[in-house]
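Have a look at the structure below, then the notes.
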Amino acid sequence: MQTSASFTQQDGLFIDANLHHFIEQQLCPNTPLETGHVYQSLATLVDEFGCKCRKNKHQENDILDVNTLLSAYQRKSHPHCHVDAQTTEAVLDEYCCQVPAIIVVALMDTLSGTVCDEPSAHELYHRAAELTERPCVHRQATTNASAA
């Protein structure tokens, strides 16, 4: 494990030290997963969904900061995050670019069991569940298609 400033390098990603501590101390003990598996899952999600989420980003300076992210989970609430909006300074990719916040939130939701109904995020949440061998916590909105 290499550390640079307030970041820890894990599986090609740079993880904010506070987030790293939260994952190790709060999320991983509640799951059968080891920390390394969590970071492998996060790296895979960034590889598979990072470009798509970045491509659709429509708010240039919309950033989910680390403290907001962590305080939401400490209060057991869901940080409001949209697929096509925020990036987060909590995780940087191999080029030191902020990753889309929804990727980090999807993994944290999956590990914590926090339900999310963010439109357009089902594929991401389903993949997070597969990678971590946990139930999918995304709930798609259902439409009431009653016959008239």
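Please note that chains go A, B, ... in the order of the structure tokens, that every chain numbers its residues from 1, and that ligands are numbered from 1 in the order shown.
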- What's the 9 Å shell around region 95-107 of chain A, counting only C-alpha atoms, without same-chain residues fewer than 2 positions away, as a PyMOL selection string? chain A and resi 13-14+38+41-42+45-46+49-51+53-54+57+63-64+69+78-79+81-93+109-112+116+121+124-125+128-129+132+137-138
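Residues of region 32-136 of chain A that DSSP, applied to the backbone, places in strand (DSSP E or B): A:Ile63, A:Leu64, A:Thr87, A:Thr88, A:Glu89, A:Ala90, A:Val91, A:Leu92, A:Gln98, A:Val99, A:Pro100, A:Cys116.
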- Query: Among region 21-125 of chain A, which residues carry a DSSP assignment of alpha helix (DSSP H), reported as a PyMOL selection string?
  - Reply: chain A and resi 21-22+35-55+66-74+101-112+122-125
- Message: Please report the interatomic distance between CA of Val115 (chain A) and CA of Arg139 (chain A) in Å with one decimal.
- Response: 7.0 Å
- Have a look at CA of Gln10 (chain A) and CA of Tyr39 (chain A) and let me know their distance in Å, one decimal.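 Between CA of Gln10 (chain A) and CA of Tyr39 (chain A) the gap is 6.3 Å.
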- Query: Using only C-alpha atoms, which of the listed residues (A:Leu19, A:Cys136, A:Leu131, A:Leu27) sits closest to Ala43 (chain A)?
  - Reply: A:Leu131
- Message: What's the separation between CA of Gln26 (chain A) and CA of Asp62 (chain A), in Å to one decimal place?
- Response: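 One can read the CA of Gln26 (chain A) to CA of Asp62 (chain A) distance as 26.7 Å.
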